[in-house]
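Peer 1: Please find upload_30.cif (mmCIF, C-alpha atoms and all ligand atoms) on the next line:
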```cif
data_run
#
loop_
_atom_site.label_atom_id
_atom_site.label_comp_id
_atom_site.auth_asym_id
_atom_site.auth_seq_id
_atom_site.Cartn_x
_atom_site.Cartn_y
_atom_site.Cartn_z
CA MET A 891 -9.59 -14.91 -9.31
CA LYS A 892 -6.52 -13.58 -7.52
CA SER A 893 -6.67 -13.28 -3.74
CA ILE A 894 -5.22 -10.89 -1.18
CA VAL A 895 -4.73 -10.46 2.54
CA ILE A 896 -4.59 -6.84 3.74
CA LEU A 897 -2.38 -5.76 6.65
CA ILE A 898 -3.26 -2.61 8.59
CA SER A 899 -2.35 -0.94 11.88
CA GLY A 900 -5.00 1.69 12.51
CA ARG A 901 -7.63 3.77 10.77
CA GLY A 902 -7.72 1.64 7.64
CA SER A 903 -9.01 4.22 5.20
CA ASN A 904 -6.97 2.77 2.33
CA MET A 905 -8.31 -0.66 3.20
CA GLU A 906 -11.83 0.77 3.13
CA ALA A 907 -11.19 2.32 -0.28
CA ILE A 908 -10.02 -1.09 -1.51
CA LEU A 909 -12.99 -2.93 -0.01
CA GLY A 910 -15.38 -0.37 -1.48
CA SER A 911 -14.04 -0.59 -5.01
CA ALA A 912 -15.71 -3.83 -6.11
CA LEU A 913 -12.41 -5.18 -7.38
CA PRO A 914 -12.27 -8.56 -9.10
CA LEU A 915 -10.19 -9.87 -6.18
CA GLU A 916 -10.95 -12.21 -3.33
CA ILE A 917 -10.17 -10.47 -0.04
CA ARG A 918 -9.45 -13.37 2.28
CA ALA A 919 -8.67 -11.45 5.51
CA VAL A 920 -7.62 -8.19 7.10
CA ILE A 921 -4.97 -8.50 9.81
CA SER A 922 -3.85 -5.74 12.19
CA ASN A 923 -0.84 -5.78 14.50
CA ARG A 924 -2.91 -3.53 16.78
CA PRO A 925 -6.01 -5.40 17.95
CA GLY A 926 -7.86 -2.12 18.65
CA ALA A 927 -7.42 -0.82 15.12
CA LYS A 928 -10.54 0.93 13.84
CA GLY A 929 -9.99 -0.70 10.46
CA LEU A 930 -10.67 -4.14 11.93
CA GLU A 931 -14.17 -3.05 12.93
CA THR A 932 -14.79 -1.62 9.49
CA ALA A 933 -13.64 -4.83 7.80
CA ALA A 934 -15.74 -7.03 10.08
CA LYS A 935 -18.82 -4.89 9.39
CA LEU A 936 -18.25 -5.44 5.69
CA GLY A 937 -18.18 -9.18 6.26
CA ILE A 938 -14.42 -9.62 5.85
CA ARG A 939 -12.51 -11.89 8.21
CA ALA A 940 -10.76 -9.43 10.60
CA ILE A 941 -7.92 -10.58 12.84
CA GLY A 942 -5.95 -8.71 15.51
CA MET A 943 -2.43 -9.98 16.23
CA ASP A 944 -0.82 -7.92 18.98
CA HIS A 945 2.87 -7.59 18.11
CA THR A 946 3.71 -6.60 21.71
CA ALA A 947 2.81 -10.14 22.79
CA TYR A 948 5.83 -11.52 20.89
CA GLU A 949 9.38 -11.49 22.20
CA SER A 950 11.00 -10.24 19.02
CA ARG A 951 10.25 -8.78 15.61
CA GLU A 952 11.23 -12.11 14.03
CA ALA A 953 8.87 -14.06 16.31
CA PHE A 954 5.96 -11.80 15.41
CA ASP A 955 6.79 -11.90 11.71
CA GLU A 956 6.96 -15.69 11.79
CA ALA A 957 3.53 -15.91 13.46
CA LEU A 958 2.14 -13.35 11.02
CA ALA A 959 3.52 -15.27 8.05
CA LYS A 960 1.93 -18.48 9.28
CA GLN A 961 -1.41 -16.73 9.76
CA ILE A 962 -1.20 -15.27 6.25
CA ASP A 963 -0.25 -18.65 4.77
CA GLU A 964 -3.46 -20.14 6.14
CA PHE A 965 -5.32 -17.88 3.73
CA LYS A 966 -3.03 -18.75 0.79
CA PRO A 967 -3.27 -15.29 -0.78
CA ASP A 968 -1.59 -14.38 -4.05
CA TYR A 969 -0.62 -10.99 -2.61
CA VAL A 970 -0.06 -9.37 0.78
CA ILE A 971 -1.28 -5.78 0.69
CA LEU A 972 0.16 -3.34 3.23
CA ALA A 973 -2.33 -0.52 3.79
CA GLY A 974 -1.07 1.64 6.63
CA PHE A 975 0.78 -1.27 8.21
CA MET A 976 3.14 0.65 10.46
CA ARG A 977 5.73 -1.99 11.25
CA VAL A 978 9.00 -2.73 9.55
CA LEU A 979 8.94 -6.32 8.28
CA SER A 980 12.01 -8.49 8.77
CA GLU A 981 14.00 -9.81 5.83
CA PRO A 982 12.88 -13.47 6.22
CA PHE A 983 9.24 -12.34 6.02
CA ILE A 984 9.90 -10.25 2.92
CA LYS A 985 11.81 -13.07 1.25
CA ARG A 986 9.07 -15.57 2.07
CA PHE A 987 6.56 -13.45 0.16
CA ALA A 988 9.02 -12.10 -2.41
CA LYS A 989 7.36 -10.13 -5.22
CA ARG A 990 4.01 -10.66 -3.53
CA ILE A 991 4.03 -7.84 -0.94
CA ILE A 992 2.77 -4.42 -1.99
CA ASN A 993 2.83 -1.20 0.02
CA ILE A 994 1.51 2.33 -0.22
CA HIS A 995 3.84 5.08 0.93
CA PRO A 996 2.77 8.71 1.34
CA SER A 997 5.41 10.39 -0.84
CA LEU A 998 6.67 10.33 -4.39
CA LEU A 999 9.45 7.82 -3.83
CA PRO A 1000 12.41 7.83 -3.96
CA ALA A 1001 11.84 11.20 -2.27
CA PHE A 1002 11.01 11.11 1.43
CA PRO A 1003 11.20 7.49 2.53
CA GLY A 1004 10.40 6.83 6.20
CA LEU A 1005 8.05 8.72 8.49
CA HIS A 1006 6.74 12.32 8.59
CA THR A 1007 6.78 12.60 4.82
CA HIS A 1008 4.34 15.51 4.58
CA GLN A 1009 6.32 17.78 6.89
CA ALA A 1010 9.51 16.72 5.10
CA ALA A 1011 7.95 17.71 1.77
CA ILE A 1012 6.93 21.12 3.13
CA ASP A 1013 10.36 21.67 4.67
CA ALA A 1014 12.05 20.77 1.38
CA GLY A 1015 9.82 23.25 -0.46
CA VAL A 1016 8.69 20.75 -3.10
CA LYS A 1017 5.76 21.90 -5.22
CA ILE A 1018 4.46 18.42 -6.08
CA HIS A 1019 4.02 15.66 -3.53
CA GLY A 1020 2.01 12.47 -3.50
CA ALA A 1021 1.93 8.74 -2.89
CA THR A 1022 3.58 5.64 -4.30
CA VAL A 1023 2.46 2.03 -4.55
CA HIS A 1024 5.46 -0.29 -4.77
CA PHE A 1025 6.64 -3.84 -4.31
CA VAL A 1026 8.26 -4.37 -0.91
CA THR A 1027 11.93 -5.32 -0.77
CA PRO A 1028 14.19 -5.54 2.28
CA LYS A 1029 15.38 -1.93 1.86
CA LEU A 1030 12.63 0.18 3.45
CA ASP A 1031 10.53 2.21 0.97
CA HIS A 1032 12.82 1.35 -1.96
CA GLY A 1033 11.06 -1.42 -3.88
CA PRO A 1034 9.98 -1.32 -7.55
CA ILE A 1035 7.42 1.42 -8.15
CA ILE A 1036 4.10 0.30 -9.64
CA SER A 1037 2.29 3.63 -9.78
CA GLN A 1038 2.22 7.08 -8.23
CA ALA A 1039 -0.33 9.79 -7.52
CA ALA A 1040 0.73 13.42 -7.43
CA VAL A 1041 -0.87 16.43 -5.77
CA ARG A 1042 0.10 20.07 -5.62
CA VAL A 1043 1.68 21.59 -2.55
CA THR A 1044 0.29 25.05 -1.82
CA GLN A 1045 2.12 27.82 0.00
CA ASP A 1046 -0.20 27.71 2.98
CA ASP A 1047 -0.19 23.93 3.35
CA THR A 1048 0.43 22.38 6.74
CA ALA A 1049 1.45 18.77 7.21
CA ASP A 1050 -2.20 18.00 8.00
CA SER A 1051 -3.73 19.74 5.00
CA LEU A 1052 -1.17 18.13 2.71
CA ALA A 1053 -1.74 14.72 4.32
CA ALA A 1054 -5.48 15.01 3.65
CA ARG A 1055 -4.89 15.86 -0.03
CA VAL A 1056 -2.44 12.98 -0.45
CA LEU A 1057 -4.77 10.56 1.35
CA ALA A 1058 -7.60 11.38 -1.07
CA ALA A 1059 -5.21 10.56 -3.92
CA GLU A 1060 -4.15 7.33 -2.17
CA HIS A 1061 -7.77 6.24 -2.11
CA GLN A 1062 -7.84 6.43 -5.92
CA LEU A 1063 -4.35 5.11 -6.49
CA TYR A 1064 -4.43 1.89 -4.46
CA PRO A 1065 -7.67 0.48 -5.91
CA GLN A 1066 -6.45 1.32 -9.40
CA VAL A 1067 -3.19 -0.59 -8.86
CA LEU A 1068 -5.04 -3.54 -7.33
CA ARG A 1069 -7.33 -3.66 -10.35
CA TRP A 1070 -4.27 -3.93 -12.60
CA LEU A 1071 -2.93 -6.62 -10.31
CA ALA A 1072 -6.23 -8.51 -10.41
CA GLU A 1073 -6.13 -8.35 -14.18
CA GLY A 1074 -2.59 -9.75 -14.21
CA ARG A 1075 -1.23 -6.60 -15.84
CA VAL A 1076 1.51 -5.65 -13.37
CA ASP A 1077 4.74 -6.81 -14.96
CA LEU A 1078 7.82 -6.66 -12.73
CA LYS A 1079 10.78 -6.80 -15.12
CA SER A 1080 14.09 -8.40 -14.17
CA SER A 1081 15.55 -4.87 -14.32
CA GLY A 1082 13.38 -4.00 -11.31
CA VAL A 1083 11.18 -1.67 -13.36
CA VAL A 1084 7.42 -2.28 -13.38
CA GLN A 1085 5.33 -1.96 -16.50
CA ILE A 1086 1.58 -2.11 -16.75
CA THR A 1087 0.62 -4.16 -19.76
CA GLY A 1088 -2.16 -3.10 -22.08
CA LEU A 1089 -2.01 0.62 -21.37
CA ASN A 1090 -2.40 2.50 -24.62
CA VAL A 1091 -1.51 6.16 -24.87
CA ARG A 1092 -5.04 7.27 -24.00
CA SER A 1093 -5.51 4.98 -21.03
CA GLU A 1094 -2.04 5.81 -19.75
CA ARG A 1095 -2.85 9.51 -19.93
CA ARG A 1096 -6.17 8.93 -18.25
CA ALA A 1097 -4.52 6.90 -15.49
CA GLN A 1098 -2.06 9.69 -14.88
CA LEU A 1099 -4.48 12.60 -15.24
CA LEU A 1100 -6.81 10.96 -12.80
CA LEU A 1101 -4.01 11.25 -10.31
CA VAL A 1102 -2.63 14.66 -11.21
CA PRO A 1103 -5.53 17.08 -11.39
CA MET A 1104 -4.29 20.10 -13.35
CA GLU A 1105 -6.98 22.59 -12.42
C1 LIG B 1201 -1.45 6.25 4.63
O1 LIG B 1201 -1.07 7.58 4.45
C2 LIG B 1201 -0.45 5.31 4.02
O2 LIG B 1201 0.15 5.83 2.87
C3 LIG B 1201 0.58 5.21 5.11
O3 LIG B 1201 -0.14 5.20 6.31
C4 LIG B 1201 -1.38 5.86 6.12
C5 LIG B 1201 -2.44 4.88 6.49
O4 LIG B 1201 -3.73 5.42 6.51
N1 LIG B 1201 1.42 4.05 4.90
P1 LIG B 1201 -4.99 4.47 6.57
O5 LIG B 1201 -4.81 3.53 7.77
O6 LIG B 1201 -5.09 3.69 5.29
O7 LIG B 1201 -6.16 5.37 6.78
#
```
I'd like the structure from this file rewritten - as structure tokens, please.
Peer 2:
Amino acid sequence: MKSIVILISGRGSNMEAILGSALPLEIRAVISNRPGAKGLETAAKLGIRAIGMDHTAYESREAFDEALAKQIDEFKPDYVILAGFMRVLSEPFIKRFAKRIINIHPSLLPAFPGLHTHQAAIDAGVKIHGATVHFVTPKLDHGPIISQAAVRVTQDDTADSLAARVLAAEHQLYPQVLRWLAEGRVDLKSSGVVQITGLNVRSERRAQLLLVPME
């Protein structure tokens, strides 16, 4: 069975969605760079090893990343899953776990990388917004896209109402991607494009419709 370590920084609702999905994955630990993160409590209650590593106690980003990498290595996970981990990771860290770090970003990348994506989507007047699960590469929010979830933007949306709609989609999207990962079906091509093996036309449609409700 494949194994993961999940990195969080706060609330941990994506982590909770992952933990609650009965995935065929071994979840070896949850680590937060903020020791007070609510998600750590949730993970511990569910019997998962929960570790706080305060990044402010380290003298540099590199020093923290090195310590974090060592901690992760102790668990020997196949994948490192970023679920609301709100720190930029340094290049040595990303290279060390190349093709093994996965992130969820609250926009339809390549649109709106960075922070404040929901307000940016409203300001740009887009009619469809959403979330992306992708492999992490040194260029922030630019790695190979594994899957996306789309939601409608309504005319009276605020950043908060849109964030809530996207978050609900994230909670479906991330477990679905991790299930594909657990099943060994996420194929990162040398071109940088990801394909999911074994999706026939029906299951591909279902996977997408699940994420784009066309009411
Ligand atoms: C999510 O919107 C995720 O896409 C972004 O940060 C937020 C984390 O929320 N990277 P949570 O901690 O999973 O509740």
Peer 1: Which is closer to ligand LIG 1201 (chain B) than all the others in A:Glu964, A:Glu1094, A:Asp1050, A:Asp955, using all atoms listed in the file?
Peer 2: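 Of all the options, A:Asp1050 lies closest to ligand LIG 1201 (chain B).
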Peer 1: Counting all atoms listed in the file, which residues in chain A sit no more than 9 Å from ligand LIG 1201 (chain B)? For each one, give the nearest pair of atoms and the distance in Å, sorted by chain then residue number, as a tab-separated table.
Peer 2:
```
residue	atom	partner	partner_atom	distance
A:Ile898	CA	B:LIG1201	O5	6.4
A:Ser899	CA	B:LIG1201	O5	6.6
A:Gly900	CA	B:LIG1201	O5	5.1
A:Arg901	CA	B:LIG1201	O5	4.1
A:Gly902	CA	B:LIG1201	O5	3.5
A:Ser903	CA	B:LIG1201	O7	3.5
A:Asn904	CA	B:LIG1201	O6	3.6
A:Met905	CA	B:LIG1201	O6	5.8
A:Glu906	CA	B:LIG1201	O6	7.7
A:Ala907	CA	B:LIG1201	O6	8.4
A:Ala927	CA	B:LIG1201	O5	8.9
A:Lys928	CA	B:LIG1201	O5	8.7
A:Gly929	CA	B:LIG1201	O5	7.2
A:Leu972	CA	B:LIG1201	N1	7.7
A:Ala973	CA	B:LIG1201	O6	5.3
A:Gly974	CA	B:LIG1201	C5	3.5
A:Phe975	CA	B:LIG1201	N1	6.3
A:Met976	CA	B:LIG1201	N1	6.7
A:Asn993	CA	B:LIG1201	N1	7.3
A:Ile994	CA	B:LIG1201	O2	4.9
A:His995	CA	B:LIG1201	O2	4.2
A:Pro996	CA	B:LIG1201	O2	4.2
A:Ser997	CA	B:LIG1201	O2	7.9
A:Leu1005	CA	B:LIG1201	N1	8.9
A:Ala1021	CA	B:LIG1201	O2	6.7
A:Thr1022	CA	B:LIG1201	O2	8.0
A:Val1023	CA	B:LIG1201	O2	8.7
A:Ala1053	CA	B:LIG1201	O1	7.2
A:Ala1054	CA	B:LIG1201	O1	8.7
A:Val1056	CA	B:LIG1201	O1	7.4
A:Leu1057	CA	B:LIG1201	O1	5.7
A:Glu1060	CA	B:LIG1201	O2	6.8
A:His1061	CA	B:LIG1201	O6	8.3
```
Peer 1: Using all atoms listed in the file, can you list as an MDAnalysis selection string the residues within 12 Å of (5.0, -7.3, 15.8)?
Peer 2: chainID A and resid 897:899 921:925 942:959 975:980 983
Peer 1: Export C-alpha atoms of the chosen residues as a short mmCIF file (atom, residue, chain, number, x, y, z; two decimals), in the frame of the given file?
Peer 2:
```
data_model
loop_
_atom_site.label_atom_id
_atom_site.label_comp_id
_atom_site.auth_asym_id
_atom_site.auth_seq_id
_atom_site.Cartn_x
_atom_site.Cartn_y
_atom_site.Cartn_z
CA LEU A 897 -2.38 -5.76 6.65
CA ILE A 898 -3.26 -2.61 8.59
CA SER A 899 -2.35 -0.94 11.88
CA ILE A 921 -4.97 -8.50 9.81
CA SER A 922 -3.85 -5.74 12.19
CA ASN A 923 -0.84 -5.78 14.50
CA ARG A 924 -2.91 -3.53 16.78
CA PRO A 925 -6.01 -5.40 17.95
CA GLY A 942 -5.95 -8.71 15.51
CA MET A 943 -2.43 -9.98 16.23
CA ASP A 944 -0.82 -7.92 18.98
CA HIS A 945 2.87 -7.59 18.11
CA THR A 946 3.71 -6.60 21.71
CA ALA A 947 2.81 -10.14 22.79
CA TYR A 948 5.83 -11.52 20.89
CA GLU A 949 9.38 -11.49 22.20
CA SER A 950 11.00 -10.24 19.02
CA ARG A 951 10.25 -8.78 15.61
CA GLU A 952 11.23 -12.11 14.03
CA ALA A 953 8.87 -14.06 16.31
CA PHE A 954 5.96 -11.80 15.41
CA ASP A 955 6.79 -11.90 11.71
CA GLU A 956 6.96 -15.69 11.79
CA ALA A 957 3.53 -15.91 13.46
CA LEU A 958 2.14 -13.35 11.02
CA ALA A 959 3.52 -15.27 8.05
CA PHE A 975 0.78 -1.27 8.21
CA MET A 976 3.14 0.65 10.46
CA ARG A 977 5.73 -1.99 11.25
CA VAL A 978 9.00 -2.73 9.55
CA LEU A 979 8.94 -6.32 8.28
CA SER A 980 12.01 -8.49 8.77
CA PHE A 983 9.24 -12.34 6.02
#
```
Peer 1: Would you mind reading off the distance between atom CA of Ile896 of chain A and atom CA of Ile917 of chain A, one decimal, in Å?
Peer 2: 7.7 Å
Peer 1: For atom CA of Val1043 of chain A and atom CA of Gly1020 of chain A, quote the distance in Å rounded to one decimal.
Peer 2: 9.2 Å
Peer 1: In Å, how far is it from atom CA of Pro967 of chain A to atom CA of Glu916 of chain A?
Peer 2: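 Spanning atom CA of Pro967 of chain A to atom CA of Glu916 of chain A is a straight-line distance of 8.7 Å.
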Peer 1: Neighbours of Arg1069 of chain A within 10 Å (all atoms listed in the file; same-chain residues fewer than 6 positions away dropped), as an MDAnalysis selection string?
Peer 2: chainID A and resid 908 911:915 1075:1076
Peer 1: Any chance you could export the current selection's C-alpha atoms as a CSV table (one decimal), keeping the file's coordinate frame?
Peer 2:
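Result saved to selection.csv:
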```csv
chain,number,residue,atom,x,y,z
A,908,ILE,CA,-10.0,-1.1,-1.5
A,911,SER,CA,-14.0,-0.6,-5.0
A,912,ALA,CA,-15.7,-3.8,-6.1
A,913,LEU,CA,-12.4,-5.2,-7.4
A,914,PRO,CA,-12.3,-8.6,-9.1
A,915,LEU,CA,-10.2,-9.9,-6.2
A,1075,ARG,CA,-1.2,-6.6,-15.8
A,1076,VAL,CA,1.5,-5.6,-13.4
```
Peer 1: Considering only C-alpha atoms, state which residue in the set A:Val1026, A:Ile984, A:Ile1018, A:Ile1036 is at the smallest distance from Tyr1064 of chain A.
Peer 2: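 Checking each of A:Val1026, A:Ile984, A:Ile1018, A:Ile1036 against Tyr1064 of chain A, counting only C-alpha atoms, the winner is A:Ile1036.
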Peer 1: Counting only C-alpha atoms, which residue out of A:Leu1030, A:Ile938, A:Leu1078, A:Ala1039 sits closest to Ala1059 of chain A?
Peer 2: A:Ala1039
Peer 1: With distances taken over only C-alpha atoms, which of A:Gly1082, A:Gly1015, A:Pro1003, A:Gly926 is nearest to Lys989 of chain A?
Peer 2: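 Among A:Gly1082, A:Gly1015, A:Pro1003, A:Gly926, it is A:Gly1082 that comes nearest to Lys989 of chain A.
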Peer 1: For Val1016 of chain A, find every residue with an atom within 12 Å (counting all atoms listed in the file), except residues of its own chain fewer than 2 positions away, and show them as a list in words.
Peer 2: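 In the requested form, the answer reads Ser997, Leu998, Ala1001, Phe1002, Thr1007, His1008, Gln1009, Ala1010, Ala1011, Ile1012, Asp1013, Ala1014, Ile1018, His1019, Gly1020, Ala1040, Val1041, Arg1042, Val1043, Thr1044, Gln1045, Asp1047 and Leu1052 of chain A.
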Peer 1: Measuring atom to atom with only C-alpha atoms, identify which of A:Lys1017, A:Arg918, A:Lys1079, A:His1032 is nearest to Pro1000 of chain A.
Peer 2: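 Among A:Lys1017, A:Arg918, A:Lys1079, A:His1032, it is A:His1032 that comes nearest to Pro1000 of chain A.
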Peer 1: Considering only C-alpha atoms, return as a list of chain:residue names whatever protein or nucleic-acid residues lie within 7 Å of Ala940 of chain A, sequence-local ones (same chain, fewer than 5 positions apart) excluded.
Peer 2: A:Ala919, A:Val920, A:Ile921, A:Leu930, A:Ala933, A:Ala934
Peer 1: Considering only C-alpha atoms, can you say which of A:Lys985, A:Leu1063, A:Thr1048, A:Ala1058 comes closest to Thr1027 of chain A?
Peer 2: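 Smallest separation from Thr1027 of chain A among the options: A:Lys985.
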